[in-house]
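Shown next: protein_28.csv, given as CSV, C-alpha atoms.
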chain,number,residue,atom,x,y,z
A,306,MET,CA,40.8,-54.3,-16.2
A,307,GLY,CA,37.1,-55.1,-16.1
A,308,GLY,CA,36.8,-55.4,-12.3
A,309,PHE,CA,35.2,-58.2,-10.3
A,310,ALA,CA,33.1,-59.4,-13.2
A,311,ASP,CA,36.1,-60.2,-15.3
A,312,PHE,CA,37.9,-61.7,-12.3
A,313,TRP,CA,34.9,-64.0,-11.7
A,314,ALA,CA,34.7,-65.0,-15.3
A,315,GLN,CA,38.4,-65.8,-15.6
A,316,SER,CA,38.8,-67.4,-12.2
A,317,ASP,CA,38.7,-71.1,-11.5
A,318,LEU,CA,36.8,-73.1,-8.8
A,319,VAL,CA,39.2,-72.1,-6.0
A,320,GLY,CA,39.0,-68.4,-6.8
A,321,ARG,CA,35.2,-68.5,-6.9
A,322,ALA,CA,35.1,-70.5,-3.6
A,323,VAL,CA,37.2,-67.8,-1.9
A,324,ALA,CA,34.9,-65.1,-3.2
A,325,LEU,CA,31.8,-66.9,-2.0
A,326,LEU,CA,33.5,-67.5,1.4
A,327,LEU,CA,34.1,-63.8,1.7
A,328,LEU,CA,30.5,-63.1,0.8
A,329,ALA,CA,29.3,-65.5,3.4
A,330,MET,CA,31.6,-64.0,6.0
A,331,SER,CA,30.3,-60.5,5.2
A,332,VAL,CA,26.7,-61.5,5.3
A,333,SER,CA,27.2,-63.3,8.7
A,334,ALA,CA,29.1,-60.3,10.1
A,335,TRP,CA,26.5,-57.7,9.1
A,336,ALA,CA,23.6,-59.9,10.3
A,337,LEU,CA,25.3,-60.2,13.7
A,338,ILE,CA,26.1,-56.5,13.8
A,339,LEU,CA,22.6,-55.5,13.2
A,340,TRP,CA,21.1,-58.0,15.6
A,341,LYS,CA,23.6,-57.3,18.4
A,342,THR,CA,23.1,-53.5,18.0
A,343,TRP,CA,19.4,-54.0,18.5
A,344,LEU,CA,19.9,-56.5,21.4
A,345,LEU,CA,22.4,-54.5,23.4
A,346,ARG,CA,20.5,-51.3,23.0
A,347,ARG,CA,17.4,-52.9,24.4
A,348,ALA,CA,19.4,-54.6,27.1
A,349,ARG,CA,21.1,-51.4,28.3
A,350,ARG,CA,17.8,-49.5,28.2
A,351,GLY,CA,16.1,-52.3,30.2
A,352,LEU,CA,18.9,-52.4,32.9
A,353,VAL,CA,18.8,-48.6,33.4
A,354,ARG,CA,15.0,-48.8,34.0
A,355,ALA,CA,14.6,-52.1,35.7
A,356,VAL,CA,17.3,-51.9,38.4
A,357,PRO,CA,16.0,-48.7,40.1
A,358,ALA,CA,12.4,-49.9,39.7
A,359,PHE,CA,13.3,-53.1,41.6
A,360,TRP,CA,15.0,-51.4,44.5
A,361,SER,CA,12.1,-48.9,44.7
A,362,ALA,CA,9.6,-51.7,45.2
A,363,ALA,CA,8.0,-52.4,48.6
A,364,GLY,CA,9.0,-56.1,48.5
A,365,VAL,CA,10.5,-59.0,46.5
A,366,ALA,CA,7.1,-59.8,44.9
A,367,GLU,CA,6.6,-56.2,43.8
A,368,GLY,CA,10.2,-56.1,42.6
A,369,ARG,CA,9.6,-59.2,40.5
A,370,SER,CA,6.6,-57.4,38.9
A,371,ALA,CA,8.8,-54.4,38.2
A,372,LEU,CA,11.4,-56.5,36.5
A,373,GLN,CA,8.7,-58.2,34.4
A,374,SER,CA,7.7,-54.8,33.2
A,375,PHE,CA,11.0,-53.2,32.5
A,376,ASP,CA,13.5,-56.0,31.9
A,377,THR,CA,12.7,-56.4,28.2
A,378,GLU,CA,15.6,-58.8,27.5
A,379,ALA,CA,15.1,-61.0,30.6
A,380,LEU,CA,18.5,-60.3,32.0
A,381,LEU,CA,17.7,-59.5,35.7
A,382,LEU,CA,14.6,-61.7,36.1
A,383,PRO,CA,16.6,-65.0,35.8
A,384,LEU,CA,18.9,-63.8,38.6
A,385,LEU,CA,15.9,-63.2,40.9
A,386,GLU,CA,14.2,-66.5,40.0
A,387,ALA,CA,17.5,-68.4,40.7
A,388,ALA,CA,18.0,-66.6,44.0
A,389,THR,CA,14.4,-67.2,45.3
A,390,ALA,CA,14.0,-70.8,44.0
A,391,GLU,CA,13.2,-73.3,46.7
A,392,THR,CA,15.4,-76.3,47.3
A,393,ARG,CA,13.5,-79.6,47.3
A,394,GLY,CA,14.5,-83.1,48.2
A,395,ALA,CA,17.7,-84.5,49.6
A,396,THR,CA,20.1,-83.2,47.1
A,397,LEU,CA,23.6,-81.7,47.2
A,398,ASP,CA,21.9,-78.4,46.3
A,399,ALA,CA,20.2,-78.5,49.7
A,400,VAL,CA,23.4,-79.2,51.6
A,401,GLY,CA,25.5,-76.4,53.0
A,402,ARG,CA,24.9,-72.9,54.1
A,403,ARG,CA,22.2,-70.7,52.6
A,404,GLU,CA,24.6,-68.0,51.5
A,405,SER,CA,26.6,-70.6,49.6
A,406,ARG,CA,23.5,-71.9,47.8
A,407,LEU,CA,22.6,-68.3,46.9
A,408,THR,CA,26.1,-67.6,45.5
A,409,ARG,CA,26.1,-70.8,43.4
A,410,ARG,CA,22.7,-70.2,42.0
A,411,LEU,CA,23.3,-66.5,41.2
A,412,ARG,CA,26.7,-67.4,39.6
A,413,ASP,CA,25.1,-70.0,37.3
A,414,ALA,CA,22.3,-67.7,36.3
A,415,LEU,CA,24.7,-64.8,35.7
A,416,HIS,CA,26.8,-67.0,33.4
A,417,ALA,CA,23.8,-68.0,31.4
A,418,VAL,CA,22.7,-64.4,31.0
A,419,LEU,CA,26.2,-63.3,30.0
A,420,ALA,CA,26.4,-66.1,27.4
A,421,ARG,CA,23.4,-64.7,25.7
A,422,LEU,CA,24.9,-61.2,25.6
A,423,GLN,CA,28.2,-62.4,24.4
A,424,PHE,CA,26.7,-64.6,21.6
A,425,GLY,CA,28.4,-63.9,18.3
A,426,GLN,CA,31.5,-62.2,19.6
A,427,VAL,CA,33.7,-65.2,18.7
A,428,LEU,CA,32.4,-65.2,15.2
A,429,LEU,CA,33.0,-61.5,14.8
A,430,ALA,CA,36.5,-61.9,16.1
A,431,SER,CA,37.2,-64.9,13.8
A,432,ILE,CA,35.9,-63.0,10.8
A,433,GLY,CA,37.9,-59.9,11.6
A,434,ALA,CA,41.1,-62.0,12.1
A,435,THR,CA,40.8,-64.3,9.1
A,436,ALA,CA,39.0,-62.3,6.3
A,437,PRO,CA,42.2,-60.4,5.3
A,438,PHE,CA,44.1,-63.6,4.9
A,439,VAL,CA,41.3,-65.2,3.0
A,440,GLY,CA,41.3,-62.2,0.6
A,441,LEU,CA,45.1,-62.4,0.3
A,442,PHE,CA,44.9,-66.0,-0.6
A,443,GLY,CA,42.3,-65.2,-3.2
A,444,THR,CA,44.7,-62.6,-4.6
A,445,VAL,CA,47.7,-64.9,-4.7
A,446,TRP,CA,45.7,-67.7,-6.3
A,447,GLY,CA,44.2,-65.3,-8.8
A,448,ILE,CA,47.6,-64.0,-9.8
A,449,TYR,CA,49.0,-67.5,-10.1
A,450,HIS,CA,46.0,-68.6,-12.2
A,451,ALA,CA,46.4,-65.5,-14.5
A,452,LEU,CA,50.1,-66.0,-15.0
A,453,VAL,CA,49.6,-69.6,-15.9
A,454,SER,CA,47.0,-68.6,-18.4
A,455,ILE,CA,49.1,-65.9,-19.9
A,456,SER,CA,52.3,-68.1,-20.1
A,457,SER,CA,50.3,-70.8,-21.9
A,458,ALA,CA,49.3,-68.2,-24.5
A,459,GLY,CA,53.1,-67.8,-25.3
A,460,ASN,CA,52.9,-64.0,-25.7
A,461,ILE,CA,53.7,-62.2,-22.4
A,462,THR,CA,53.5,-58.4,-22.3
A,463,ILE,CA,53.1,-56.0,-19.4
A,464,ASP,CA,49.6,-55.0,-20.5
A,465,LYS,CA,48.4,-58.6,-20.5
A,466,ILE,CA,49.8,-59.1,-17.0
A,467,SER,CA,48.6,-55.8,-15.3
A,468,GLY,CA,45.0,-56.5,-16.1
A,469,PRO,CA,44.6,-59.9,-14.5
A,470,VAL,CA,46.9,-59.0,-11.6
A,471,GLY,CA,44.9,-55.8,-10.9
A,472,GLU,CA,41.7,-57.8,-11.0
A,473,ALA,CA,43.1,-60.3,-8.5
A,474,LEU,CA,43.9,-57.5,-6.1
A,475,ILE,CA,40.2,-57.0,-5.7
A,476,MET,CA,40.1,-60.0,-3.4
A,477,THR,CA,42.5,-58.4,-1.0
A,478,ALA,CA,40.3,-55.3,-0.9
A,479,ALA,CA,37.3,-57.5,-0.4
A,480,GLY,CA,38.9,-59.2,2.6
A,481,LEU,CA,39.7,-55.9,4.2
A,482,ALA,CA,36.1,-54.7,3.5
A,483,VAL,CA,34.8,-57.7,5.4
A,484,ALA,CA,37.3,-57.6,8.3
A,485,ILE,CA,37.2,-53.9,9.2
A,486,PRO,CA,33.5,-53.7,10.1
A,487,ALA,CA,33.7,-57.0,12.1
A,488,VAL,CA,36.7,-55.8,14.1
A,489,LEU,CA,35.1,-52.4,14.9
A,490,ALA,CA,31.8,-54.0,15.9
A,491,TYR,CA,33.7,-56.6,18.1
A,492,ASN,CA,35.4,-53.8,20.0
A,493,VAL,CA,32.2,-51.7,20.4
A,494,PHE,CA,30.1,-54.6,21.4
A,495,GLY,CA,32.8,-55.8,23.9
A,496,LYS,CA,32.6,-52.4,25.6
A,497,ARG,CA,28.8,-52.5,25.8
A,498,VAL,CA,28.7,-56.1,27.0
A,499,ALA,CA,31.3,-55.2,29.7
A,500,ALA,CA,29.0,-52.3,30.9
A,501,CYS,CA,26.0,-54.7,31.1
A,502,GLU,CA,28.1,-57.3,32.9
A,503,ALA,CA,29.1,-54.7,35.5
A,504,ASP,CA,25.5,-53.8,36.2
A,505,LEU,CA,24.4,-57.5,36.3
A,506,GLU,CA,27.2,-58.4,38.7
A,507,GLY,CA,26.3,-55.5,41.0
A,508,PHE,CA,22.7,-56.5,41.0
A,509,ALA,CA,23.5,-60.1,41.7
A,510,HIS,CA,25.8,-59.0,44.6
A,511,ASP,CA,23.2,-56.7,46.1
A,512,LEU,CA,20.4,-59.3,45.6
A,513,ARG,CA,22.5,-61.9,47.5
A,514,GLU,CA,23.1,-59.5,50.4
A,515,LEU,CA,19.3,-58.7,50.5
A,516,LEU,CA,18.1,-62.3,50.5
A,517,ASP,CA,20.9,-63.6,52.8
A,518,ALA,CA,19.9,-61.0,55.4
A,519,ASP,CA,16.3,-62.4,55.6
Would you kindly transcribe this structure into structure tokens?
Amino acid sequence: MGGFADFWAQSDLVGRAVALLLLAMSVSAWALILWKTWLLRRARRGLVRAVPAFWSAAGVAEGRSALQSFDTEALLLPLLEAATAETRGATLDAVGRRESRLTRRLRDALHAVLARLQFGQVLLASIGATAPFVGLFGTVWGIYHALVSISSAGNITIDKISGPVGEALIMTAAGLAVAIPAVLAYNVFGKRVAACEADLEGFAHDLRELLDAD
């Protein structure tokens, strides 16, 4: 058994395509993991500092300045901008009660902010769910390809089978190596996004009550 190098040299187009697919999935997963770790850390830190700073301000204008200073990922500021936006013209947005307009605007702004925080979660879940099966397919195909090559040689012995079969099993291990970090990151990020979502929903609710009382 020579490891992955021998497996790569002896595999066909399908086996190499599976290996490259696993490599692409691994690179994508780790790029997302590093980026989302940085994003969610900054987002959480900004929320912890920006929300108290806003409610400590003397007015809405001062609160907006506080958010601009502490809300580094622009999570709270879009909510404030949506809530304080003026309705112009004879549109459906101008029809109805003021509290209904506030609710609709804050809901739309909140959904847009959460979409940014949740970006990449589907890809991590997909990689975590499919990478083991991709690796298993690579193993099955590698074993099949090795057995066909050995049978065509006409001299089948256990030592000639164990080497190629063992090398093909590397693909299963590679699939697990790709999937495990993606699954763990998905679970951790899901918990952090949920914490940010709770803070954002609370801020949106309190902001609606504040502006609706004016």
Contact residues around range 360-364 of chain A with all atoms listed in the file at 10 Å, ignoring same-chain residues under 4 positions, as a list in words: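 Residues meeting the cut-off are Ala355, Val356, Gly368, Arg369, Ser370, Ala371, Phe508, Asp511 and Leu512 of chain A.
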Pick from A:Leu407, A:Met330, A:Ile338, A:Leu415, whichever lies nearest to Ala484 in chain A using all atoms listed in the file: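 Closest candidate: A:Met330.
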Atomic separation - CA of Phe424 in chain A relative to CA of Lys496 in chain A, Å: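 A separation of 14.1 Å between them.
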Two-atom distance - CA of Gln423 in chain A, CA of Lys341 in chain A (Å): 9.1 Å
Given all atoms listed in the file as the counted atoms, nearest of A:Leu428, A:Gly447, A:Asp376, A:Gly433 to Arg350 in chain A: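 Residue with the minimum atom-to-atom distance to Arg350 in chain A: A:Asp376.
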Between CA of Ala473 in chain A and CA of Thr444 in chain A, distance in Å (one decimal): 4.8 Å
Can I get range 318-353 of chain A with N, CA and C atoms filled in, as an mmCIF file, in the frame of the given file?
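To be explicit, this is the file written out as part.cif:
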data_model
loop_
_atom_site.group_PDB
_atom_site.id
_atom_site.type_symbol
_atom_site.label_atom_id
_atom_site.label_comp_id
_atom_site.auth_asym_id
_atom_site.auth_seq_id
_atom_site.Cartn_x
_atom_site.Cartn_y
_atom_site.Cartn_z
ATOM 1 N N LEU A 318 37.702 -72.700 -9.920
ATOM 2 C CA LEU A 318 36.800 -73.100 -8.800
ATOM 3 C C LEU A 318 37.361 -72.572 -7.477
ATOM 4 N N VAL A 319 38.679 -72.584 -7.294
ATOM 5 C CA VAL A 319 39.200 -72.100 -6.000
ATOM 6 C C VAL A 319 39.002 -70.620 -5.850
ATOM 7 N N GLY A 320 39.235 -69.847 -6.894
ATOM 8 C CA GLY A 320 39.000 -68.400 -6.800
ATOM 9 C C GLY A 320 37.566 -68.066 -6.510
ATOM 10 N N ARG A 321 36.653 -68.757 -7.143
ATOM 11 C CA ARG A 321 35.200 -68.500 -6.900
ATOM 12 C C ARG A 321 34.830 -68.941 -5.493
ATOM 13 N N ALA A 322 35.401 -70.025 -5.013
ATOM 14 C CA ALA A 322 35.100 -70.500 -3.600
ATOM 15 C C ALA A 322 35.560 -69.462 -2.616
ATOM 16 N N VAL A 323 36.718 -68.855 -2.860
ATOM 17 C CA VAL A 323 37.200 -67.800 -1.900
ATOM 18 C C VAL A 323 36.279 -66.622 -1.954
ATOM 19 N N ALA A 324 35.829 -66.222 -3.142
ATOM 20 C CA ALA A 324 34.900 -65.100 -3.200
ATOM 21 C C ALA A 324 33.598 -65.375 -2.524
ATOM 22 N N LEU A 325 33.070 -66.567 -2.688
ATOM 23 C CA LEU A 325 31.800 -66.900 -2.000
ATOM 24 C C LEU A 325 32.014 -67.013 -0.500
ATOM 25 N N LEU A 326 33.193 -67.473 -0.068
ATOM 26 C CA LEU A 326 33.500 -67.500 1.400
ATOM 27 C C LEU A 326 33.497 -66.125 1.958
ATOM 28 N N LEU A 327 34.130 -65.195 1.262
ATOM 29 C CA LEU A 327 34.100 -63.800 1.700
ATOM 30 C C LEU A 327 32.735 -63.228 1.774
ATOM 31 N N LEU A 328 31.929 -63.571 0.788
ATOM 32 C CA LEU A 328 30.500 -63.100 0.800
ATOM 33 C C LEU A 328 29.776 -63.651 1.976
ATOM 34 N N ALA A 329 29.948 -64.937 2.267
ATOM 35 C CA ALA A 329 29.300 -65.500 3.400
ATOM 36 C C ALA A 329 29.738 -64.917 4.722
ATOM 37 N N MET A 330 31.031 -64.639 4.831
ATOM 38 C CA MET A 330 31.600 -64.000 6.000
ATOM 39 C C MET A 330 30.993 -62.605 6.195
ATOM 40 N N SER A 331 30.871 -61.873 5.098
ATOM 41 C CA SER A 331 30.300 -60.500 5.200
ATOM 42 C C SER A 331 28.871 -60.518 5.583
ATOM 43 N N VAL A 332 28.081 -61.399 4.988
ATOM 44 C CA VAL A 332 26.700 -61.500 5.300
ATOM 45 C C VAL A 332 26.491 -61.870 6.802
ATOM 46 N N SER A 333 27.275 -62.850 7.261
ATOM 47 C CA SER A 333 27.200 -63.300 8.700
ATOM 48 C C SER A 333 27.573 -62.147 9.607
ATOM 49 N N ALA A 334 28.643 -61.427 9.265
ATOM 50 C CA ALA A 334 29.100 -60.300 10.100
ATOM 51 C C ALA A 334 28.053 -59.234 10.226
ATOM 52 N N TRP A 335 27.484 -58.833 9.090
ATOM 53 C CA TRP A 335 26.500 -57.700 9.100
ATOM 54 C C TRP A 335 25.215 -58.161 9.776
ATOM 55 N N ALA A 336 24.813 -59.416 9.603
ATOM 56 C CA ALA A 336 23.600 -59.900 10.300
ATOM 57 C C ALA A 336 23.837 -59.844 11.816
ATOM 58 N N LEU A 337 25.016 -60.275 12.280
ATOM 59 C CA LEU A 337 25.300 -60.200 13.700
ATOM 60 C C LEU A 337 25.412 -58.772 14.196
ATOM 61 N N ILE A 338 26.008 -57.902 13.390
ATOM 62 C CA ILE A 338 26.100 -56.500 13.800
ATOM 63 C C ILE A 338 24.782 -55.862 14.001
ATOM 64 N N LEU A 339 23.880 -56.065 13.064
ATOM 65 C CA LEU A 339 22.600 -55.500 13.200
ATOM 66 C C LEU A 339 21.787 -56.050 14.359
ATOM 67 N N TRP A 340 21.861 -57.389 14.508
ATOM 68 C CA TRP A 340 21.100 -58.000 15.600
ATOM 69 C C TRP A 340 21.667 -57.633 16.962
ATOM 70 N N LYS A 341 22.988 -57.627 17.131
ATOM 71 C CA LYS A 341 23.600 -57.300 18.400
ATOM 72 C C LYS A 341 23.403 -55.822 18.750
ATOM 73 N N THR A 342 23.405 -54.966 17.749
ATOM 74 C CA THR A 342 23.100 -53.500 18.000
ATOM 75 C C THR A 342 21.750 -53.373 18.607
ATOM 76 N N TRP A 343 20.774 -54.054 18.024
ATOM 77 C CA TRP A 343 19.400 -54.000 18.500
ATOM 78 C C TRP A 343 19.310 -54.632 19.927
ATOM 79 N N LEU A 344 19.946 -55.782 20.120
ATOM 80 C CA LEU A 344 19.900 -56.500 21.400
ATOM 81 C C LEU A 344 20.513 -55.700 22.521
ATOM 82 N N LEU A 345 21.727 -55.211 22.307
ATOM 83 C CA LEU A 345 22.400 -54.500 23.400
ATOM 84 C C LEU A 345 21.815 -53.173 23.697
ATOM 85 N N ARG A 346 21.217 -52.532 22.710
ATOM 86 C CA ARG A 346 20.500 -51.300 23.000
ATOM 87 C C ARG A 346 19.327 -51.513 23.887
ATOM 88 N N ARG A 347 18.553 -52.550 23.576
ATOM 89 C CA ARG A 347 17.400 -52.900 24.400
ATOM 90 C C ARG A 347 17.847 -53.368 25.798
ATOM 91 N N ALA A 348 18.926 -54.128 25.841
ATOM 92 C CA ALA A 348 19.400 -54.600 27.100
ATOM 93 C C ALA A 348 19.868 -53.488 28.024
ATOM 94 N N ARG A 349 20.595 -52.551 27.458
ATOM 95 C CA ARG A 349 21.100 -51.400 28.300
ATOM 96 C C ARG A 349 19.932 -50.564 28.747
ATOM 97 N N ARG A 350 18.971 -50.306 27.850
ATOM 98 C CA ARG A 350 17.800 -49.500 28.200
ATOM 99 C C ARG A 350 17.022 -50.221 29.337
ATOM 100 N N GLY A 351 16.879 -51.549 29.215
ATOM 101 C CA GLY A 351 16.100 -52.300 30.200
ATOM 102 C C GLY A 351 16.837 -52.281 31.576
ATOM 103 N N LEU A 352 18.162 -52.407 31.597
ATOM 104 C CA LEU A 352 18.900 -52.400 32.900
ATOM 105 C C LEU A 352 18.773 -51.037 33.557
ATOM 106 N N VAL A 353 18.876 -49.968 32.780
ATOM 107 C CA VAL A 353 18.800 -48.600 33.400
ATOM 108 C C VAL A 353 17.443 -48.391 34.022
#
